[in-house]
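Step one of this worksheet: look at the structure below.
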Number of protein chains: 2
Amino acid sequence: MSKPLPKLRDDNRILASLPPADYRRISRLLEPVQFRRGQPLHEPGRRATHAYFPRTGVASVVARFSDGTAIEVATIGNEGLVGLSAYLADGRNPMEVFVQVPGEAVRMDADAFRLEIRSGGALRDLARRYAFALLVQVGQSAACNRIHSLDQRCARWLLMTHDRVLGDHIALTQEYLAEMLGVRRAGVTQAAHALKRRRLIDYHRGTIRVIDRRGLERATCECYALIRGEHEALIG
Amino acid sequence: MSKPLPKLRDDNRILASLPPADYRRISRLLEPVQFRRGQPLHEPGRRATHAYFPRTGVASVVARFSDGTAIEVATIGNEGLVGLSAYLADGRNPMEVFVQVPGEAVRMDADAFRLEIRSGGALRDLARRYAFALLVQVGQSAACNRIHSLDQRCARWLLMTHDRVLGDHIALTQEYLAEMLGVRRAGVTQAAHALKRRRLIDYHRGTIRVIDRRGLERATCECYALIRGEHEALIG
DNA sequence: GCGTGTCGGTACGCTGCCGTACAGACGATC
DNA sequence: GATCGTCTGTACGGCAGCGTACCGACACGC
């Protein structure tokens with residue numbers, strides 16, 4: 001299971017899976033946008049305004065609690081799309097979504113997205129399948145959060161993000177990673193240190209580099225392979 | 001937030017939300033079934049054969065790990081349906097689904113279910129909304145599993161099951177509850193004992209009785225209200 | 001009534017992670 | 001090159017829940 005090197009019609013794999021005719025029609029509705037670190041893509045209480053198709057950027061879906069803590073429940077990059085709520089729930093979504101890794105994306109007006117899907121093109125089928133793949137990702141994470149060690153979950157997070165970015169460098173601080181994983185920053189330091197000692201990753205002041213993907217895959221739990229396998233079976 | 005007393009066209013709230021014409025058409029496709037404790041409703045690796053609409057029974061969706069441990073990722077009762085994978089993913093689903101609380105249900109052939117949904121009736125809209133409500137349930141559980149105490153999660157589980165059954169008695173052993181929550185049986189004993197001391201529940205050899213719902217709601221975390229609120233906003 | 005299996009209560013030491021705190025290392029800025 | 005803010009390393013006691021084990025209470029079948 002190696003990192004996919006995108007050489008497709010579109011860097012976003014949902015868009016890349018569209019038949020030519022659908023792709024042409026839809027691309028006229030797409031507007032390129034830059035993902036900036038931390039930029040909100042959806043705020044609970046508001047209706048989703050757009051559907052986003054990440055190309056090189058990555059988004060996080062988090063549950064925010066009344067005391068301010070945020071726990072990541074899903075990661076969305078070029079393998080998926082942000083804005084399923086526009087399709088499934090009239091744009092209503094209690095989860096927060098923001099940019100985790102800056103980069104390129106395209107977006108589509110939420111109404112146009114809904115219209116395109118209701119019209120019954122190929123995007124509908126892909127969105128349906130992706131919705132299920134996301135459900136599997138979130139469900140497996142729920143179980144993983146319960147029983148797997150921080151070391152394993154940390155490796156999984158790095159692998160999932162690595163899959164979604166260009167190159168082997170991921171810009172993020174331990175502080176940030178700690179928040180996503182729902183643990184202390186000091187805990188991440190220890191887990192990251194262990195991975196570094198095993199020469200799987202290296203890092204330095206806010207940048208992590210993946211050195212040995214295979215090794216990381218061995219270090220993580222089975223959840224990684226299941227989530228990725230299921231996505232590939234559904235979207236291909 | 002009190003327990004809903006179903007006095008509707010159908011004890012299943014998805015079916016009850018259908019307009020009369022759709023309900024009549026669909027009910028001809030429904031076959032009553034008895035949910036027996038532990039009965040499998042879906043096994044990973046197989047295609048879903050039916051969609052189930054629980055009336056008084058309750059189902060569990062669990063992630064099963066290679067060492068045999070199973071962690072519950074969702075609970076489905078009369079507020080929902082089992083078999084979204086037939087709609088979203090051609091029946092493919094890596095999660096195990098089985099009966100947690102025995103009772104009544106109706107089921108529909110998976111192909112008929114797919115056909116009915118593709119034909120664009122009211123069931124499609126409801127299934128779509130329910131899919132999102134389930135995504136929210138699972139996502140919030142993922143975060144909850146990470147940060148909330150066993151006591152809180154135990155109370156939440158009891159509330160969610162209480163919402164889905166008739167009466168205040170829930171037949172389940174601490175052993176079983178421990179597996180669902182992904183903790184030791186001894187841990188559940190302690191949590192349950194604490195709830196009993198506060199006179200919120202009582203129990204005896206495999207039967208739990210909810211005494212004080214309001215109290216339980218105060219004892220649990222905010223996740224319960226969020227999940228339930230979101231479901232009601234989407235299905236009503 | 002007696003044996004057997006199931007269910008729940010309790011105890012032990014152990015471990016992973018917590019909360020907190022402080023210190024060193026590095027980078028940017030002036 | 002001095003300063004300051006950010007990022008990472010480390011240490012401390014503390015606690016929730018773990019794995020395991022044992023025991024009593026109860027239900028059921030004979």
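FYI, nothing fancy with the structure tokens labels: chains A, B, ... in order, residues from 1 per chain, ligands from 1 as they appear.
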
Within 9 Å of D:DG9 using only C-alpha atoms (C1' of nucleotides), minus same-chain residues under 2 positions, as a compact mmCIF listing (two decimals) with N, CA and C atoms (P, O5', C5', C4', C3', O3' and C1' of nucleotides), in the first residue's frame:
# COMPACT_ATOMS: atom_id res chain seq x y z
N ALA A 186 2.37 17.14 25.34
CA ALA A 186 3.50 16.34 25.81
C ALA A 186 3.36 14.89 25.40
N THR A 189 4.60 14.63 21.88
CA THR A 189 6.07 14.67 21.86
C THR A 189 6.64 13.27 22.06
N GLN A 190 6.09 12.56 23.01
CA GLN A 190 6.58 11.22 23.29
C GLN A 190 6.32 10.26 22.14
P DA C 23 13.24 26.64 34.88
O5' DA C 23 14.36 25.86 34.09
C5' DA C 23 14.27 24.43 33.93
C4' DA C 23 14.76 24.07 32.54
C3' DA C 23 15.64 25.14 31.88
O3' DA C 23 16.70 24.50 31.20
C1' DA C 23 13.83 24.65 30.49
P DG C 24 18.01 25.31 30.80
O5' DG C 24 18.30 24.79 29.33
C5' DG C 24 18.19 23.40 29.04
C4' DG C 24 17.82 23.24 27.58
C3' DG C 24 18.66 24.09 26.63
O3' DG C 24 19.03 23.26 25.54
C1' DG C 24 16.36 24.48 26.25

Looking only at the backbone, which of the residues in stretch 2-234 of chain A does DSSP tag as strand (DSSP E), as a CSV table (one decimal) with C-alpha atoms, in the first residue's frame?
chain,number,residue,atom,x,y,z
A,31,GLU,CA,-14.2,28.0,-8.8
A,32,PRO,CA,-10.6,27.6,-7.8
A,33,VAL,CA,-9.8,28.6,-4.2
A,34,GLN,CA,-6.8,28.6,-1.9
A,35,PHE,CA,-7.0,26.8,1.3
A,40,PRO,CA,-13.2,27.8,8.3
A,41,LEU,CA,-15.1,25.9,5.6
A,42,HIS,CA,-18.2,25.3,7.7
A,50,HIS,CA,-20.2,25.6,-0.9
A,51,ALA,CA,-19.1,22.1,-1.6
A,52,TYR,CA,-15.3,22.0,-1.7
A,53,PHE,CA,-13.2,19.5,-3.7
A,54,PRO,CA,-9.6,19.6,-2.3
A,58,VAL,CA,-6.6,19.0,3.5
A,59,ALA,CA,-9.6,19.7,5.7
A,60,SER,CA,-10.5,18.5,9.2
A,61,VAL,CA,-14.0,17.8,10.5
A,62,VAL,CA,-14.1,18.3,14.3
A,63,ALA,CA,-16.6,18.1,17.1
A,64,ARG,CA,-16.4,21.2,19.3
A,70,ALA,CA,-12.1,20.2,19.6
A,71,ILE,CA,-11.7,16.5,18.6
A,72,GLU,CA,-11.1,15.6,15.0
A,73,VAL,CA,-13.7,13.1,13.7
A,74,ALA,CA,-12.6,13.0,10.0
A,75,THR,CA,-10.0,14.1,7.5
A,76,ILE,CA,-10.9,15.1,4.0
A,96,GLU,CA,-16.9,22.3,12.4
A,97,VAL,CA,-14.8,22.0,9.3
A,98,PHE,CA,-11.6,24.0,8.7
A,99,VAL,CA,-8.4,23.8,6.7
A,100,GLN,CA,-5.7,21.7,8.3
A,101,VAL,CA,-3.1,21.7,5.5
A,103,GLY,CA,-3.2,24.1,-0.6
A,104,GLU,CA,-5.4,24.2,-3.7
A,105,ALA,CA,-9.1,23.3,-4.0
A,106,VAL,CA,-12.1,24.0,-6.1
A,107,ARG,CA,-15.5,24.8,-4.9
A,108,MET,CA,-19.0,24.8,-6.1
A,109,ASP,CA,-22.0,26.8,-4.9
A,169,HIS,CA,6.6,17.1,4.3
A,170,ILE,CA,3.6,17.9,6.5
A,171,ALA,CA,3.5,21.4,8.1
A,201,ILE,CA,9.6,10.1,10.5
A,202,ASP,CA,11.7,13.2,11.2
A,203,TYR,CA,10.5,16.6,12.3
A,204,HIS,CA,11.7,20.0,13.2
A,207,THR,CA,7.4,20.4,9.9
A,208,ILE,CA,7.1,16.6,9.9
A,209,ARG,CA,8.7,14.5,7.2
A,210,VAL,CA,7.7,11.0,6.5

Determine, using only C-alpha atoms (C1' of nucleotides), which residues of chain D have any atom at most 12 Å from an atom of chain A, and tabulate each with its shortest atom pair and distance in Å to one decimal place, rows ordered by chain and then rising number, as JSON lines.
{"residue": "D:DT6", "atom": "C1'", "partner": "A:Arg205", "partner_atom": "CA", "distance": 8.5}
{"residue": "D:DC7", "atom": "C1'", "partner": "A:Arg205", "partner_atom": "CA", "distance": 5.4}
{"residue": "D:DT8", "atom": "C1'", "partner": "A:Thr189", "partner_atom": "CA", "distance": 7.2}
{"residue": "D:DG9", "atom": "C1'", "partner": "A:Thr189", "partner_atom": "CA", "distance": 7.6}
{"residue": "D:DT10", "atom": "C1'", "partner": "A:Ala186", "partner_atom": "CA", "distance": 8.9}
{"residue": "D:DA11", "atom": "C1'", "partner": "A:Ala186", "partner_atom": "CA", "distance": 10.9}
{"residue": "D:DG17", "atom": "C1'", "partner": "A:Ile147", "partner_atom": "CA", "distance": 11.6}
{"residue": "D:DC18", "atom": "C1'", "partner": "A:Ile147", "partner_atom": "CA", "distance": 11.2}

Write the residues of the selection above to a file with C-alpha atoms (C1' of nucleotides), as a PDB file, in the first residue's frame.
ATOM      1  C1'  DT D   6       7.339  29.484  19.301  1.00  0.00           C
ATOM      2  C1'  DC D   7       8.367  24.779  19.310  1.00  0.00           C
ATOM      3  C1'  DT D   8      10.043  20.680  21.581  1.00  0.00           C
ATOM      4  C1'  DG D   9      11.954  17.830  25.534  1.00  0.00           C
ATOM      5  C1'  DT D  10      11.361  16.256  30.079  1.00  0.00           C
ATOM      6  C1'  DA D  11       9.794  15.542  34.704  1.00  0.00           C
ATOM      7  C1'  DG D  17      -9.283   2.327  33.639  1.00  0.00           C
ATOM      8  C1'  DC D  18      -6.695  -2.174  32.727  1.00  0.00           C
TER       9       DC D  18
END

>> At a cut-off of 9 Å, which residues of chain A touch chain C? Count only C-alpha atoms (C1' of nucleotides) and give the answer as a PyMOL selection string.
In response: chain A and resi 149-150+183-184+187+205

Could those residues be written to a file, using C-alpha atoms, as a short mmCIF file (atom, residue, chain, number, x, y, z; two decimals), in the first residue's frame?
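Just written: result_28.cif:
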data_model
loop_
_atom_site.label_atom_id
_atom_site.label_comp_id
_atom_site.auth_asym_id
_atom_site.auth_seq_id
_atom_site.Cartn_x
_atom_site.Cartn_y
_atom_site.Cartn_z
CA SER A 149 -2.69 3.52 21.85
CA LEU A 150 -1.64 7.07 21.21
CA VAL A 183 -4.39 14.36 23.88
CA ARG A 184 -1.76 16.50 25.61
CA GLY A 187 1.90 13.08 24.84
CA ARG A 205 9.87 23.05 14.40
#

>> Distance limit 9 Å, atoms considered: only C-alpha atoms. Which chain B residues sit that close to chain A? Return them as a VMD selection string.
In response: chain B and resid 62 to 66 70 to 74 84 to 85 87 to 90 92 to 95 125 127 to 136 138 to 147 181 to 183 222 to 223 226 230 234
